Amino acid sequence: MPSTPPAHRRPRAALAMGADAAAAVLSPDSLAALAEVCALAPVPAIDDFTTEAAQAVLADTEVLVTGWGCPPIHAGVLAAAPALRAVVHTAGTVRGHVTDACWDRGIEVSSAAAANALPVAEYTLAMILLSGKRVLERARDFRATRLRDAWLATPPDVGNYRRTVGILSASLIGRRVIELLRPYDLRVLLHDPYVTDEEAAGLGVHPVTLAGLFAGSDVVSVHTPLLPATTGLVSRGLLASMRPDAVLINTSRGAVVDQDALTDVLRAERIRAVLDVTDPDPLPADHPLWDCPNATITPHLAGSQGNELRRLADLAVGEVARWAAGDGFAHPVRRERLAFLA
């Protein structure tokens with residue numbers, strides 16, 4: 001089993017990600033901070049483990065700092081990296097590059113999924129509050145008519161006082177959304193078969209069945225990872241059971257929702273939707289969802305972008321520092337939890 005290095009030693013490290021990811025995520029300040037806690041290979045980020053230059057770097061690398069565009073770390077790569085003991089990922093899921101061979105060798109893995117969860121949760125909170133007030137629709141109508149509506153005649157179902165918000169899955173993002181919702185006068189329901197009633201009480205939510213979540217919520221926010229068991233989980237029947245004018249928010253993966261059923265229910269103008277992801281993603285230019293005025297579609301922007309990428313880098317630097325000091329990762333990824341992670 002690989003072991004962590006002695007405390008206060010700077011482990012030999014290398015970057016493995018696409019050049020565009022490295023440029024976006026790792027600013028000069030981030031690289032300088034990383035170089036303070038590890039002996040960083042003075043070469044560009046590796047995006048192909050088969051090159052002679054990559055093989056030379058891998059020969060004595062102990063920590064790979066990975067990102068979007070990192071190739072799979074399979075058995076052949078590990079054979080060329082006999083000293084490799086840890087992978088620190090500067091993004092969310094590690095499924096695309098951390099292989100069974102890594103787990104079999106006992107390589108420790110960390111991910112910045114917790115850092116990436118925050119902007120997604122912030123987006124979700126914003127959309128919950130905006131949809132409750134019907135801000136996007138009313139702004140569109142105001143632009144078209146240039147006439148202010150009679151605010152005292154606003155329907156009583158508009159607003160965010162005592163609305164019911166349903167959270168589908170207490171994932172990292174789902175839990176952050178629940179946390180951000182606490183200051184507001186909202187009732188929060190949760191469906192997650194792996195959360196006990198006691199844990200739900202600790203989160204301050206009301207556990208319900210999947211059917212109860214969709215039938216009983218004014219807003220349903222989808223945060224379940226896309227797995228074989230969750231593909232198409234948000235079915236035609238569940239969508240049909242939603243309250244009239246209820247809102248479906250999806251920041252997870254498009255395929256968690258039955259896209260054809262969602263298209264039908266939106267075209268019938270029964271509910272509204274806020275979709276940061278679709279199936280396929282992006283939608284074809286002629287897809288009927290583009291023409292649904294009750295659908296707000298954003299270009300997969302909820303996750304870390306712009307200056308939020310610095311948060312991912314900061315977490316990764318902190319993880320390398322902890323590992324180098326012998327303290328272990330604060331955000332480890334466990335093999336046995338992969339089945340429940342995005």
# chains A, B, ... in the order shown; residues from 1 in each chain; ligands from 1
>>> residues_around(residues="range 13-15 of chain A", least_positions_apart="2", cutoff="8 Å", atoms="only C-alpha atoms", output="list in words")
Pro11, Met17, Cys38, Ala39, Leu40, Ala41, Pro44, Ala45, Ile46, Val57, Leu58, Thr61, Glu62, Val63, Leu64, Val65 and Thr66 of chain A
>>> select_by_dssp(residues="range 29-104 of chain A", states="alpha helix (DSSP H)", output="PyMOL selection string")
chain A and resi 29-37+52-58+75-79+100-104
>>> residues_around(residues="range 274-286 of chain A", least_positions_apart="5", cutoff="6 Å", atoms="only C-alpha atoms", output="PDB file with N, CA, C and O atoms, in the first residue's frame")
ATOM      1  N   ILE A 249     -36.160  22.340 -11.475  1.00  0.00           N
ATOM      2  CA  ILE A 249     -34.815  22.876 -11.693  1.00  0.00           C
ATOM      3  C   ILE A 249     -33.863  21.689 -11.820  1.00  0.00           C
ATOM      4  O   ILE A 249     -33.842  20.815 -10.956  1.00  0.00           O
ATOM      5  N   ASN A 250     -33.091  21.664 -12.895  1.00  0.00           N
ATOM      6  CA  ASN A 250     -32.137  20.573 -13.077  1.00  0.00           C
ATOM      7  C   ASN A 250     -30.745  21.136 -13.328  1.00  0.00           C
ATOM      8  O   ASN A 250     -30.475  21.757 -14.353  1.00  0.00           O
ATOM      9  N   THR A 251     -29.850  20.899 -12.337  1.00  0.00           N
ATOM     10  CA  THR A 251     -28.437  21.244 -12.493  1.00  0.00           C
ATOM     11  C   THR A 251     -27.577  19.991 -12.426  1.00  0.00           C
ATOM     12  O   THR A 251     -26.347  20.091 -12.327  1.00  0.00           O
ATOM     13  N   ARG A 253     -27.740  16.207 -14.318  1.00  0.00           N
ATOM     14  CA  ARG A 253     -27.476  15.756 -15.678  1.00  0.00           C
ATOM     15  C   ARG A 253     -28.819  15.623 -16.386  1.00  0.00           C
ATOM     16  O   ARG A 253     -29.817  15.203 -15.785  1.00  0.00           O
ATOM     17  N   GLY A 254     -28.824  15.948 -17.677  1.00  0.00           N
ATOM     18  CA  GLY A 254     -30.079  15.943 -18.410  1.00  0.00           C
ATOM     19  C   GLY A 254     -30.763  14.600 -18.424  1.00  0.00           C
ATOM     20  O   GLY A 254     -31.998  14.502 -18.362  1.00  0.00           O
ATOM     21  N   ALA A 255     -29.985  13.511 -18.500  1.00  0.00           N
ATOM     22  CA  ALA A 255     -30.564  12.178 -18.648  1.00  0.00           C
ATOM     23  C   ALA A 255     -31.226  11.662 -17.378  1.00  0.00           C
ATOM     24  O   ALA A 255     -31.887  10.627 -17.407  1.00  0.00           O
ATOM     25  N   ALA A 295     -39.759  27.688 -20.151  1.00  0.00           N
ATOM     26  CA  ALA A 295     -38.495  26.992 -19.902  1.00  0.00           C
ATOM     27  C   ALA A 295     -37.351  28.001 -19.972  1.00  0.00           C
ATOM     28  O   ALA A 295     -37.183  28.699 -20.977  1.00  0.00           O
ATOM     29  N   THR A 296     -36.582  28.089 -18.899  1.00  0.00           N
ATOM     30  CA  THR A 296     -35.365  28.879 -18.881  1.00  0.00           C
ATOM     31  C   THR A 296     -34.199  27.911 -19.053  1.00  0.00           C
ATOM     32  O   THR A 296     -33.999  27.033 -18.210  1.00  0.00           O
ATOM     33  N   ILE A 297     -33.461  28.052 -20.145  1.00  0.00           N
ATOM     34  CA  ILE A 297     -32.368  27.122 -20.451  1.00  0.00           C
ATOM     35  C   ILE A 297     -31.056  27.909 -20.428  1.00  0.00           C
ATOM     36  O   ILE A 297     -30.892  28.884 -21.163  1.00  0.00           O
ATOM     37  N   THR A 298     -30.153  27.484 -19.564  1.00  0.00           N
ATOM     38  CA  THR A 298     -28.846  28.143 -19.468  1.00  0.00           C
ATOM     39  C   THR A 298     -27.758  27.179 -19.933  1.00  0.00           C
ATOM     40  O   THR A 298     -27.938  25.962 -19.869  1.00  0.00           O
ATOM     41  N   PRO A 299     -26.641  27.695 -20.411  1.00  0.00           N
ATOM     42  CA  PRO A 299     -25.639  26.864 -21.104  1.00  0.00           C
ATOM     43  C   PRO A 299     -24.654  26.158 -20.166  1.00  0.00           C
ATOM     44  O   PRO A 299     -23.441  26.337 -20.269  1.00  0.00           O
ATOM     45  N   HIS A 300     -25.201  25.314 -19.281  1.00  0.00           N
ATOM     46  CA  HIS A 300     -24.367  24.506 -18.372  1.00  0.00           C
ATOM     47  C   HIS A 300     -23.356  25.408 -17.666  1.00  0.00           C
ATOM     48  O   HIS A 300     -22.157  25.128 -17.632  1.00  0.00           O
TER      49      HIS A 300
END
>>> residues_around(residues="Ile128 in chain A", least_positions_apart="5", cutoff="12 Å", atoms="only C-alpha atoms", output="CSV table (one decimal) with all heavy atoms, in the first residue's frame")
chain,number,residue,atom,x,y,z
A,121,ALA,N,-24.9,25.3,-6.1
A,121,ALA,CA,-25.9,25.5,-5.1
A,121,ALA,C,-26.3,27.0,-5.1
A,121,ALA,O,-27.5,27.3,-4.9
A,121,ALA,CB,-25.3,25.2,-3.7
A,122,GLU,N,-25.4,27.9,-5.3
A,122,GLU,CA,-25.8,29.3,-5.4
A,122,GLU,C,-26.7,29.6,-6.6
A,122,GLU,O,-27.7,30.4,-6.5
A,122,GLU,CB,-24.5,30.2,-5.5
A,122,GLU,CG,-23.7,30.2,-4.2
A,122,GLU,CD,-22.3,30.9,-4.4
A,122,GLU,OE1,-21.8,31.0,-5.6
A,122,GLU,OE2,-21.7,31.3,-3.4
A,123,TYR,N,-26.4,29.0,-7.7
A,123,TYR,CA,-27.2,29.1,-8.9
A,123,TYR,C,-28.6,28.6,-8.6
A,123,TYR,O,-29.7,29.2,-8.9
A,123,TYR,CB,-26.6,28.3,-10.0
A,123,TYR,CG,-27.5,28.1,-11.3
A,123,TYR,CD1,-27.3,28.9,-12.4
A,123,TYR,CD2,-28.5,27.2,-11.3
A,123,TYR,CE1,-28.0,28.7,-13.6
A,123,TYR,CE2,-29.2,27.0,-12.5
A,123,TYR,CZ,-29.0,27.8,-13.6
A,123,TYR,OH,-29.8,27.6,-14.7
A,133,LYS,N,-40.8,34.3,-7.4
A,133,LYS,CA,-41.3,35.7,-7.6
A,133,LYS,C,-41.7,35.9,-9.1
A,133,LYS,O,-42.1,36.9,-9.5
A,133,LYS,CB,-40.2,36.7,-7.3
A,133,LYS,CG,-40.6,38.1,-7.0
A,133,LYS,CD,-41.1,38.3,-5.6
A,133,LYS,CE,-41.3,39.8,-5.3
A,133,LYS,NZ,-41.8,40.0,-4.0
A,134,ARG,N,-41.4,34.8,-9.9
A,134,ARG,CA,-41.7,34.9,-11.4
A,134,ARG,C,-40.9,36.0,-12.0
A,134,ARG,O,-41.4,36.7,-12.9
A,134,ARG,CB,-43.2,35.0,-11.7
A,134,ARG,CG,-44.0,33.8,-11.3
A,134,ARG,CD,-45.4,33.8,-11.8
A,134,ARG,NE,-45.4,33.7,-13.2
A,134,ARG,CZ,-45.6,32.6,-13.9
A,134,ARG,NH1,-45.8,31.5,-13.3
A,134,ARG,NH2,-45.7,32.6,-15.2
A,135,VAL,N,-39.7,36.3,-11.5
A,135,VAL,CA,-38.9,37.4,-12.0
A,135,VAL,C,-38.6,37.3,-13.5
A,135,VAL,O,-38.8,38.3,-14.2
A,135,VAL,CB,-37.6,37.5,-11.1
A,135,VAL,CG1,-36.7,38.6,-11.8
A,135,VAL,CG2,-37.9,37.9,-9.7
A,136,LEU,N,-38.1,36.2,-13.9
A,136,LEU,CA,-37.7,36.1,-15.3
A,136,LEU,C,-38.9,36.3,-16.3
A,136,LEU,O,-38.7,37.1,-17.3
A,136,LEU,CB,-37.0,34.8,-15.6
A,136,LEU,CG,-35.8,34.5,-14.7
A,136,LEU,CD1,-35.3,33.1,-15.0
A,136,LEU,CD2,-34.7,35.5,-15.0
A,159,GLY,N,-44.5,34.5,-5.0
A,159,GLY,CA,-43.7,34.9,-3.9
A,159,GLY,C,-43.0,33.7,-3.2
A,159,GLY,O,-43.2,32.6,-3.6
A,160,ASN,N,-42.2,34.0,-2.2
A,160,ASN,CA,-41.4,33.0,-1.6
A,160,ASN,C,-41.7,32.7,-0.1
A,160,ASN,O,-40.9,32.2,0.6
A,160,ASN,CB,-39.9,33.3,-1.8
A,160,ASN,CG,-39.4,33.2,-3.2
A,160,ASN,OD1,-39.6,32.1,-3.8
A,160,ASN,ND2,-38.9,34.3,-3.8
A,161,TYR,N,-42.9,33.2,0.3
A,161,TYR,CA,-43.2,33.0,1.7
A,161,TYR,C,-44.0,31.6,1.8
A,161,TYR,O,-45.0,31.4,1.3
A,161,TYR,CB,-44.2,34.1,2.2
A,161,TYR,CG,-44.6,34.0,3.6
A,161,TYR,CD1,-43.7,33.9,4.6
A,161,TYR,CD2,-45.9,34.0,4.0
A,161,TYR,CE1,-44.1,33.8,6.0
A,161,TYR,CE2,-46.3,33.9,5.3
A,161,TYR,CZ,-45.4,33.8,6.3
A,161,TYR,OH,-45.8,33.7,7.6
A,163,ARG,N,-43.3,28.8,0.6
A,163,ARG,CA,-43.3,27.8,-0.5
A,163,ARG,C,-42.6,26.6,-0.1
A,163,ARG,O,-41.8,26.5,0.9
A,163,ARG,CB,-42.6,28.4,-1.7
A,163,ARG,CG,-43.5,29.4,-2.5
A,163,ARG,CD,-42.7,30.2,-3.5
A,163,ARG,NE,-42.2,29.4,-4.6
A,163,ARG,CZ,-43.0,29.0,-5.7
A,163,ARG,NH1,-44.3,29.4,-5.7
A,163,ARG,NH2,-42.5,28.3,-6.7
A,164,THR,N,-42.9,25.5,-0.8
A,164,THR,CA,-42.4,24.2,-0.5
A,164,THR,C,-41.3,23.8,-1.6
A,164,THR,O,-41.7,23.8,-2.8
A,164,THR,CB,-43.4,23.1,-0.4
A,164,THR,OG1,-44.4,23.4,0.6
A,164,THR,CG2,-42.8,21.7,-0.2
A,165,VAL,N,-40.1,23.6,-1.2
A,165,VAL,CA,-39.0,23.3,-2.1
A,165,VAL,C,-38.7,21.8,-1.9
A,165,VAL,O,-38.4,21.4,-0.7
A,165,VAL,CB,-37.8,24.1,-1.8
A,165,VAL,CG1,-36.6,23.7,-2.8
A,165,VAL,CG2,-38.1,25.6,-2.1
A,166,GLY,N,-38.6,21.0,-2.9
A,166,GLY,CA,-38.3,19.6,-2.9
A,166,GLY,C,-36.9,19.4,-3.4
A,166,GLY,O,-36.5,19.9,-4.5
A,167,ILE,N,-36.0,18.7,-2.6
A,167,ILE,CA,-34.6,18.4,-3.0
A,167,ILE,C,-34.5,17.0,-3.3
A,167,ILE,O,-34.8,16.1,-2.5
A,167,ILE,CB,-33.6,18.8,-1.9
A,167,ILE,CG1,-33.8,20.3,-1.5
A,167,ILE,CG2,-32.2,18.5,-2.3
A,167,ILE,CD1,-33.5,21.3,-2.6
A,177,VAL,N,-27.4,23.2,-1.1
A,177,VAL,CA,-28.6,23.9,-1.4
A,177,VAL,C,-29.5,24.0,-0.1
A,177,VAL,O,-30.0,25.1,0.3
A,177,VAL,CB,-29.4,23.3,-2.5
A,177,VAL,CG1,-30.8,23.9,-2.7
A,177,VAL,CG2,-28.6,23.4,-3.8
A,178,ILE,N,-29.6,22.9,0.6
A,178,ILE,CA,-30.4,22.8,1.8
A,178,ILE,C,-29.8,23.8,2.8
A,178,ILE,O,-30.5,24.6,3.5
A,178,ILE,CB,-30.3,21.4,2.4
A,178,ILE,CG1,-31.2,20.5,1.6
A,178,ILE,CG2,-30.9,21.4,3.9
A,178,ILE,CD1,-31.0,19.0,1.9
A,180,LEU,N,-28.1,26.6,2.2
A,180,LEU,CA,-28.3,28.0,1.7
A,180,LEU,C,-29.8,28.4,1.8
A,180,LEU,O,-30.1,29.6,1.9
A,180,LEU,CB,-27.9,28.1,0.2
A,180,LEU,CG,-26.4,28.0,-0.1
A,180,LEU,CD1,-26.1,28.2,-1.5
A,180,LEU,CD2,-25.6,29.0,0.7
A,181,LEU,N,-30.7,27.4,1.9
A,181,LEU,CA,-32.1,27.7,2.0
A,181,LEU,C,-32.5,28.0,3.4
A,181,LEU,O,-33.6,28.6,3.6
A,181,LEU,CB,-33.0,26.5,1.5
A,181,LEU,CG,-33.0,26.2,0.0
A,181,LEU,CD1,-33.7,24.9,-0.3
A,181,LEU,CD2,-33.6,27.4,-0.8
A,184,TYR,N,-34.4,31.3,4.8
A,184,TYR,CA,-35.6,31.7,4.1
A,184,TYR,C,-36.9,31.0,4.7
A,184,TYR,O,-36.8,29.9,5.3
A,184,TYR,CB,-35.5,31.4,2.6
A,184,TYR,CG,-34.4,32.2,2.0
A,184,TYR,CD1,-33.1,31.6,1.9
A,184,TYR,CD2,-34.5,33.5,1.6
A,184,TYR,CE1,-32.0,32.3,1.3
A,184,TYR,CE2,-33.4,34.2,1.1
A,184,TYR,CZ,-32.2,33.6,0.9
A,184,TYR,OH,-31.1,34.3,0.4
A,186,LEU,N,-39.1,29.0,3.9
A,186,LEU,CA,-39.5,27.9,3.0
A,186,LEU,C,-39.6,26.6,3.7
A,186,LEU,O,-38.9,26.4,4.7
A,186,LEU,CB,-38.4,27.8,1.9
A,186,LEU,CG,-38.2,29.0,1.0
A,186,LEU,CD1,-36.9,28.9,0.2
A,186,LEU,CD2,-39.4,29.2,0.1
A,188,VAL,N,-38.8,22.7,3.3
A,188,VAL,CA,-37.9,21.9,2.4
A,188,VAL,C,-38.2,20.4,2.6
A,188,VAL,O,-38.1,19.9,3.8
A,188,VAL,CB,-36.4,22.2,2.7
A,188,VAL,CG1,-35.5,21.4,1.8
A,188,VAL,CG2,-36.2,23.7,2.6
A,217,SER,N,-44.4,19.6,-3.9
A,217,SER,CA,-43.5,20.7,-3.9
A,217,SER,C,-43.9,21.7,-4.9
A,217,SER,O,-44.5,21.4,-6.0
A,217,SER,CB,-42.1,20.2,-4.3
A,217,SER,OG,-41.6,19.3,-3.3
A,218,ASP,N,-43.6,23.0,-4.6
A,218,ASP,CA,-43.8,24.1,-5.5
A,218,ASP,C,-42.6,24.2,-6.5
A,218,ASP,O,-42.7,24.6,-7.6
A,218,ASP,CB,-43.9,25.4,-4.8
A,218,ASP,CG,-45.2,25.5,-3.9
A,218,ASP,OD1,-46.3,25.3,-4.5
A,218,ASP,OD2,-45.0,25.6,-2.7
A,219,VAL,N,-41.4,23.7,-6.0
A,219,VAL,CA,-40.2,23.7,-6.7
A,219,VAL,C,-39.5,22.4,-6.4
A,219,VAL,O,-39.4,22.0,-5.3
A,219,VAL,CB,-39.2,24.8,-6.4
A,219,VAL,CG1,-38.0,24.7,-7.2
A,219,VAL,CG2,-39.9,26.2,-6.5
A,220,VAL,N,-39.1,21.6,-7.5
A,220,VAL,CA,-38.3,20.4,-7.3
A,220,VAL,C,-36.9,20.7,-7.9
A,220,VAL,O,-36.9,21.0,-9.1
A,220,VAL,CB,-39.0,19.2,-7.9
A,220,VAL,CG1,-38.0,18.0,-7.8
A,220,VAL,CG2,-40.3,18.9,-7.3
A,221,SER,N,-35.9,20.5,-7.1
A,221,SER,CA,-34.5,20.7,-7.6
A,221,SER,C,-33.8,19.4,-7.6
A,221,SER,O,-33.7,18.7,-6.6
A,221,SER,CB,-33.8,21.7,-6.7
A,221,SER,OG,-32.6,22.1,-7.3
A,222,VAL,N,-33.3,19.0,-8.8
A,222,VAL,CA,-32.7,17.7,-9.1
A,222,VAL,C,-31.2,17.8,-8.8
A,222,VAL,O,-30.5,18.6,-9.4
A,222,VAL,CB,-33.0,17.3,-10.5
A,222,VAL,CG1,-32.3,15.9,-10.8
A,222,VAL,CG2,-34.5,17.2,-10.8
A,246,ALA,N,-45.8,24.6,-11.0
A,246,ALA,CA,-44.6,24.2,-10.2
A,246,ALA,C,-43.4,24.3,-11.1
A,246,ALA,O,-43.5,24.4,-12.4
A,246,ALA,CB,-44.8,22.8,-9.7
A,247,VAL,N,-42.2,24.3,-10.5
A,247,VAL,CA,-41.0,24.5,-11.2
A,247,VAL,C,-40.0,23.3,-11.0
A,247,VAL,O,-39.8,22.9,-9.9
A,247,VAL,CB,-40.3,25.8,-10.7
A,247,VAL,CG1,-39.0,26.0,-11.5
A,247,VAL,CG2,-41.2,27.0,-10.9
A,248,LEU,N,-39.5,22.8,-12.1
A,248,LEU,CA,-38.5,21.8,-12.1
A,248,LEU,C,-37.1,22.5,-12.4
A,248,LEU,O,-37.0,23.1,-13.4
A,248,LEU,CB,-38.7,20.7,-13.1
A,248,LEU,CG,-37.6,19.6,-13.1
A,248,LEU,CD1,-37.8,18.7,-11.9
A,248,LEU,CD2,-37.7,18.9,-14.4
A,249,ILE,N,-36.2,22.3,-11.5
A,249,ILE,CA,-34.8,22.9,-11.7
A,249,ILE,C,-33.9,21.7,-11.8
A,249,ILE,O,-33.8,20.8,-11.0
A,249,ILE,CB,-34.4,23.8,-10.5
A,249,ILE,CG1,-35.3,25.0,-10.4
A,249,ILE,CG2,-32.9,24.3,-10.7
A,249,ILE,CD1,-35.0,25.8,-9.2
A,250,ASN,N,-33.1,21.7,-12.9
A,250,ASN,CA,-32.1,20.6,-13.1
A,250,ASN,C,-30.7,21.1,-13.3
A,250,ASN,O,-30.5,21.8,-14.4
A,250,ASN,CB,-32.5,19.7,-14.2
A,250,ASN,CG,-31.7,18.4,-14.3
A,250,ASN,OD1,-30.9,18.1,-13.4
A,250,ASN,ND2,-31.9,17.6,-15.3
A,272,ARG,N,-43.3,24.9,-15.1
A,272,ARG,CA,-42.2,25.7,-15.6
A,272,ARG,C,-40.9,24.9,-15.3
A,272,ARG,O,-40.9,24.0,-14.5
A,272,ARG,CB,-42.1,27.0,-14.9
A,272,ARG,CG,-43.2,28.0,-15.2
A,272,ARG,CD,-43.2,29.3,-14.5
A,272,ARG,NE,-43.5,29.1,-13.1
A,272,ARG,CZ,-43.0,29.9,-12.1
A,272,ARG,NH1,-42.1,30.8,-12.3
A,272,ARG,NH2,-43.5,29.7,-10.8
A,273,ALA,N,-39.8,25.3,-16.0
A,273,ALA,CA,-38.5,24.6,-15.8
A,273,ALA,C,-37.4,25.5,-15.9
A,273,ALA,O,-37.4,26.5,-16.7
A,273,ALA,CB,-38.4,23.4,-16.8
A,274,VAL,N,-36.3,25.3,-15.1
A,274,VAL,CA,-35.0,25.9,-15.2
A,274,VAL,C,-34.0,24.8,-15.5
A,274,VAL,O,-33.8,24.0,-14.6
A,274,VAL,CB,-34.7,26.7,-14.0
A,274,VAL,CG1,-33.3,27.3,-14.1
A,274,VAL,CG2,-35.7,27.8,-13.7
